[in-house]
Protein chains: 2
Amino acid sequence: MNIDGKSFRTILPADDGASVEVIDQTRLPFAFELKRLASLDDAAVAIRTMIVRGAPLIGVTAAYGLALGLREEASDEAIERAVEMLAATRPTAINLRWALDRVAAKLREVEFSERATFAFAEAGRIAEEDVESCHAIGRHGAAILADLHQAKGRRIDVLTHCNAGWLATVDWGTALAPIYVAHETGIPVHVYVDETRPRNQGAALTAFELNAHGVPHTVIADNAGGHLMQHGKVDVCIVGSDRTTASGDVCNKIGTYLKALAASDNRVPFYAALPFSTIDWTLDDGVAQIPIEERDGREVSHLTGRLADGGLATIEVVSPGSPVANPAFDVTPARLVTGIITERGVASADAEGLLSLYPERRAAA
Amino acid sequence: MNIDGKSFRTILPADDGASVEVIDQTRLPFAFELKRLASLDDAAVAIRTMIVRGAPLIGVTAAYGLALGLREEASDEAIERAVEMLAATRPTAINLRWALDRVAAKLREVEFSERATFAFAEAGRIAEEDVESCHAIGRHGAAILADLHQAKGRRIDVLTHCNAGWLATVDWGTALAPIYVAHETGIPVHVYVDETRPRNQGAALTAFELNAHGVPHTVIADNAGGHLMQHGKVDVCIVGSDRTTASGDVCNKIGTYLKALAASDNRVPFYAALPFSTIDWTLDDGVAQIPIEERDGREVSHLTGRLADGGLATIEVVSPGSPVANPAFDVTPARLVTGIITERGVASADAEGLLSLYPERRAAA
């Protein structure tokens with residue numbers, strides 16, 4: 001997508017296969033900086049500290065991280081160690097594991113000396129497929145927005161939570177891809193952007209990318225979405241997902257579940273947009289089965305932003321001495337999800353719906 | 001309630017009737033400062049800028065503000081002007097209007113020369129009644145917590161939103177009063193404190209007062225409550241109210257509705273605790289009828305907190321150039337409210353329930 005009219009991707013491989021550059025998302029929206037990852041450790045740190053974040057993007061970054069690690073050691077044991085180390089950086093998102101398993105499985109057929117080069121190329125293929133996949137999600141989701149626009153004859157108001165935009169993927173995004181495609185095809189779309197505490201990925205990243213690309217939007221506190229829906233100000237909710245069960249439960253940034261409840265209570269359609277790599281076919285009860293990452297309480301108690309003089313500063317906002325808890329994700333049960341938008345189309349949020357889009361999984365199920 | 005073992009109230013009248021002192025709540029939790037209000041304008045500014053906030057406390061402050069105004073001019077017209085000016089400072093909370101109407105109605109029977117003194121004394125009576133009322137809310141609500149403790153045989157986890165503690169009243173609080181009474185009587189209680197964006201009254205005020213009084217608690221992002229309820233970590237929700245309809249709809253800080261939805265979805269009891277002065281007997285459809293205050297978007301885009309060096313700073317956290325909306329309240333429909341705790345007991349959230357506690361309103365209804 002564009003920043004000031006210039007097209008960007010979130011991750012850019014070097015021609016020599018020795019490194020990748022990523023947009024440092026901890027610096028947005030006040031600074032736009034690229035960061036060079038040249039080793040397995042660099043990649044692991046980038047994922048853990050959320051220099052890169054978003055389920056699809058961390059999958060791609062992990063694949064590149066594995067490739068960078070193989071430049072040092074390419075044995076089967078080294079691959080296994082690197083896969084475990086990278087998979088542990090973020091326990092909830094499943095794309096990480098999916099991307100690593102895909103690269104690792106193919107590497108077993110490759111000679112040691114070729115492994116680093118092969119893995120780097122394979123990471124590149126995953127990145128390209130992610131772009132294709134997200135663009136397809138955008139086309140399928142935009143059809144929903146076009147139908148709403150046709151039915152209502154006015155601007156369509158979309159509410160989204162967290163950042164599932166192009167910054168969360170290689171390009172296009174998942175939840176925001178339908179908005180970008182609709183915007184390009186002239187459908188009037190306006191986005192209510194949940195601030196998305198903690199870490200504020202909505203206020204910092206979604207607002208940044210929508211603004212940079214020229215899509216109308218309004219930032220709101222996470223608390224405001226229910227009120228807006230009660231007053232008919234939201235036509236549809238679209239969110240991303242960090243892991244989706246075979247039964248259609250959607251695990252996404254903490255607070256997503258609350259918006260799904262409000263959508264259901266106000267008969268606002270609620271969609272999750274995600275590539276197939278986000279589906280965990282082994283699970284059928286998201287609340288019980290998906291591990292929820294507990295992150296540092298400092299993400300709640302401290303915020304970083306821009307001072308009036310333009311400098312960045314970190315401030316403490318919780319009363320000193322008060323303990324803080326910080327679960328990073330929640331699970332929205334399938335019963336609250338109107339549909340799941342994938343690169344293959346829109347499925348009902350249940351086992352049959354997902355299997356009808358992915359019939360090759362029927363044998364496995 | 002106590003700060004470091006010393007008992008405090010939020011508003012302290014001077015003996016000579018020429019001023020009141022209030023705790024400056026915009027400075028908490030990092031500074032504890034009293035502010036002197038010596039005129040009608042001082043009181044209006046204090047309410048509008050939320051130096052004092054919380055429905056009961058702004059009612060009391062408005063009553064004192066009216067009294068201070070009468071020291072300058074005590075005509076019927078001056079009273080009317082002062083009432084309108086103070087009532088307009090915060091449009092959603094109804095206690096403001098209730099307290100002003102009560103003082104103004106009595107003043108008509110009082111000679112001009114006595115009006116300022118009478119009004120100051122009447123404001124004091126409202127303050128004393130608020131303390132009594134909140135303490136009674138505490139006793140009725142604590143009985144609910146005692147029953148839960150008896151049934152579960154372990155610590156009771158309460159989730160609250162915003163600050164409806166003693167800082168929102170003269171003393172005791174509304175939603176937190178049951179917690180203080182339970183804590184004093186030895187019932188083990190732990191409070192999940194919603195950060196409460198924007199303005200962070202949970203992280204800044206509720207956490208501060210619970211910590212200062214020694215009540216166990218944990219601050220969480222507003223987004224986290226649904227997840228905690230899904231996993232059985234919340235036994236009961238208790239919130240305050242800024243206006244309650246005769247039919248039991250509860251208007252409270254934005255985001256309350258989302259927690260009520262999650263409570264309902266997980267069969268967690270959800271109570272609103274409020275004095276009778278918060279009930280607007282003229283309304284029966286909160287979503288349609290209660291005016292929702294829209295506050296400055298800067299409350300969303302900027303936060304003030306403490307730097308590592310101990311100084312205070314204000315930072316911008318929303319991507320520059322992105323518009324912001326800031327509705328300050330939402331309405332929780334009565335169907336999501338398990339019960340309403342008032343100074344007279346616990347009512348079902350419907351017209352009959354409230355009228356059974358306030359039978360004197362039956363004639364009016």
# chains A, B, ... in the order shown; residues from 1 in each chain; ligands from 1
$ interface_residues --of "chain A" --to "chain B" --cutoff "6 Å" --atoms "only C-alpha atoms" --output "PyMOL selection string"
chain A and resi 29+203-204+207-208+218-220+223-224+227+254-255+258+305-307+315-319+323-325+330
$ closest_atom_pairs --of "stretch 72-139 of chain A" --to "stretch 271-274 of chain A" --cutoff "12 Å" --atoms "only C-alpha atoms" --output "JSON lines"
{"residue": "A:Ala93", "atom": "CA", "partner": "A:Leu274", "partner_atom": "CA", "distance": 11.9}
{"residue": "A:Ile94", "atom": "CA", "partner": "A:Leu274", "partner_atom": "CA", "distance": 11.7}
{"residue": "A:Asn95", "atom": "CA", "partner": "A:Leu274", "partner_atom": "CA", "distance": 10.5}
{"residue": "A:Asp130", "atom": "CA", "partner": "A:Leu274", "partner_atom": "CA", "distance": 10.4}
{"residue": "A:Ser133", "atom": "CA", "partner": "A:Leu274", "partner_atom": "CA", "distance": 8.9}
{"residue": "A:Cys134", "atom": "CA", "partner": "A:Leu274", "partner_atom": "CA", "distance": 7.9}
{"residue": "A:His135", "atom": "CA", "partner": "A:Leu274", "partner_atom": "CA", "distance": 11.1}
{"residue": "A:Ala136", "atom": "CA", "partner": "A:Leu274", "partner_atom": "CA", "distance": 10.4}
{"residue": "A:Ile137", "atom": "CA", "partner": "A:Ala273", "partner_atom": "CA", "distance": 6.9}
{"residue": "A:Gly138", "atom": "CA", "partner": "A:Ala273", "partner_atom": "CA", "distance": 8.7}
{"residue": "A:Arg139", "atom": "CA", "partner": "A:Ala273", "partner_atom": "CA", "distance": 11.3}
$ closest_atom_pairs --of "stretch 195-262 of chain A" --to "stretch 48-59 of chain A" --cutoff "9 Å" --atoms "only C-alpha atoms" --output "CSV"
residue,atom,partner,partner_atom,distance
A:Gly240,CA,A:Ala55,CA,8.7
A:Ser241,CA,A:Ala55,CA,7.3
A:Asp242,CA,A:Ala55,CA,5.3
A:Arg243,CA,A:Ala55,CA,8.1
$ write_last_selection --atoms "C-alpha atoms" --output "CSV table (one decimal), in the first residue's frame"
chain,number,residue,atom,x,y,z
A,240,GLY,CA,-8.3,-10.1,11.6
A,241,SER,CA,-7.3,-13.3,13.4
A,242,ASP,CA,-4.2,-14.7,15.0
A,243,ARG,CA,-5.6,-18.2,15.1
$ closest_residue --among "A:Pro275, A:Gly345, A:Pro359, A:Pro91" --to "A:Ala143" --atoms "only C-alpha atoms"
A:Gly345
$ closest_residue --among "A:Ala62, A:Ala99, A:Ala104, A:Ile290" --to "A:Ala78" --atoms "only C-alpha atoms"
A:Ala104
$ residues_around --residues "stretch 12-26 of chain A" --least-positions-apart "2" --cutoff "7 Å" --atoms "only C-alpha atoms" --output "PDB file with N, CA and C atoms, in the first residue's frame"
ATOM      1  N   ARG A   9       6.137  -2.298   1.033  1.00  0.00           N
ATOM      2  CA  ARG A   9       5.841  -3.557   1.697  1.00  0.00           C
ATOM      3  C   ARG A   9       6.486  -3.541   3.072  1.00  0.00           C
ATOM      4  N   THR A  10       6.019  -4.451   3.945  1.00  0.00           N
ATOM      5  CA  THR A  10       6.517  -4.422   5.331  1.00  0.00           C
ATOM      6  C   THR A  10       7.853  -5.122   5.490  1.00  0.00           C
ATOM      7  N   LEU A  28       6.402   3.568  14.716  1.00  0.00           N
ATOM      8  CA  LEU A  28       5.246   4.237  14.117  1.00  0.00           C
ATOM      9  C   LEU A  28       4.301   4.704  15.214  1.00  0.00           C
ATOM     10  N   GLU A  33      10.945   4.096  10.200  1.00  0.00           N
ATOM     11  CA  GLU A  33      12.325   3.624  10.126  1.00  0.00           C
ATOM     12  C   GLU A  33      12.360   2.172   9.691  1.00  0.00           C
ATOM     13  N   LEU A  34      13.337   1.849   8.866  1.00  0.00           N
ATOM     14  CA  LEU A  34      13.556   0.450   8.495  1.00  0.00           C
ATOM     15  C   LEU A  34      14.604  -0.135   9.425  1.00  0.00           C
ATOM     16  N   LYS A  35      14.461  -1.434   9.681  1.00  0.00           N
ATOM     17  CA  LYS A  35      15.429  -2.104  10.550  1.00  0.00           C
ATOM     18  C   LYS A  35      15.937  -3.333   9.807  1.00  0.00           C
ATOM     19  N   ARG A  36      17.226  -3.580   9.882  1.00  0.00           N
ATOM     20  CA  ARG A  36      17.843  -4.692   9.165  1.00  0.00           C
ATOM     21  C   ARG A  36      17.949  -5.900  10.088  1.00  0.00           C
ATOM     22  N   LEU A  37      17.431  -7.029   9.643  1.00  0.00           N
ATOM     23  CA  LEU A  37      17.552  -8.277  10.396  1.00  0.00           C
ATOM     24  C   LEU A  37      18.551  -9.153   9.658  1.00  0.00           C
ATOM     25  N   ALA A  38      19.654  -9.519  10.329  1.00  0.00           N
ATOM     26  CA  ALA A  38      20.726 -10.245   9.647  1.00  0.00           C
ATOM     27  C   ALA A  38      20.993 -11.617  10.245  1.00  0.00           C
ATOM     28  N   MET A  50       7.875  -7.131  18.932  1.00  0.00           N
ATOM     29  CA  MET A  50       6.829  -6.565  18.082  1.00  0.00           C
ATOM     30  C   MET A  50       7.323  -5.416  17.192  1.00  0.00           C
ATOM     31  N   ILE A  51       8.602  -5.473  16.832  1.00  0.00           N
ATOM     32  CA  ILE A  51       9.091  -4.623  15.733  1.00  0.00           C
ATOM     33  C   ILE A  51       8.303  -5.000  14.481  1.00  0.00           C
ATOM     34  N   VAL A  52       8.066  -6.285  14.297  1.00  0.00           N
ATOM     35  CA  VAL A  52       7.058  -6.783  13.344  1.00  0.00           C
ATOM     36  C   VAL A  52       5.975  -7.489  14.146  1.00  0.00           C
ATOM     37  N   LEU A  68      17.992 -17.164   7.687  1.00  0.00           N
ATOM     38  CA  LEU A  68      19.198 -16.452   8.137  1.00  0.00           C
ATOM     39  C   LEU A  68      20.000 -17.332   9.094  1.00  0.00           C
ATOM     40  N   THR A 117      20.069 -20.863   1.117  1.00  0.00           N
ATOM     41  CA  THR A 117      19.562 -20.210  -0.098  1.00  0.00           C
ATOM     42  C   THR A 117      18.136 -20.651  -0.398  1.00  0.00           C
ATOM     43  N   PHE A 120      15.688 -19.099   2.106  1.00  0.00           N
ATOM     44  CA  PHE A 120      15.462 -17.676   1.829  1.00  0.00           C
ATOM     45  C   PHE A 120      14.482 -17.510   0.667  1.00  0.00           C
TER      46      PHE A 120
END
$ select_by_dssp --residues "stretch 247-342 of chain A" --states "helix (DSSP H, G or I)" --output "list in words"
Thr256, Tyr257, Leu258, Lys259, Ala260, Leu261, Ala262, Ala263, Ser264, Asp265, Phe276, Ser277, Thr278, Gly286, Val287, Ala288, Gln289, Arg298, Glu299, Val300, Ser301, Ala334, Arg335 and Leu336 of chain A
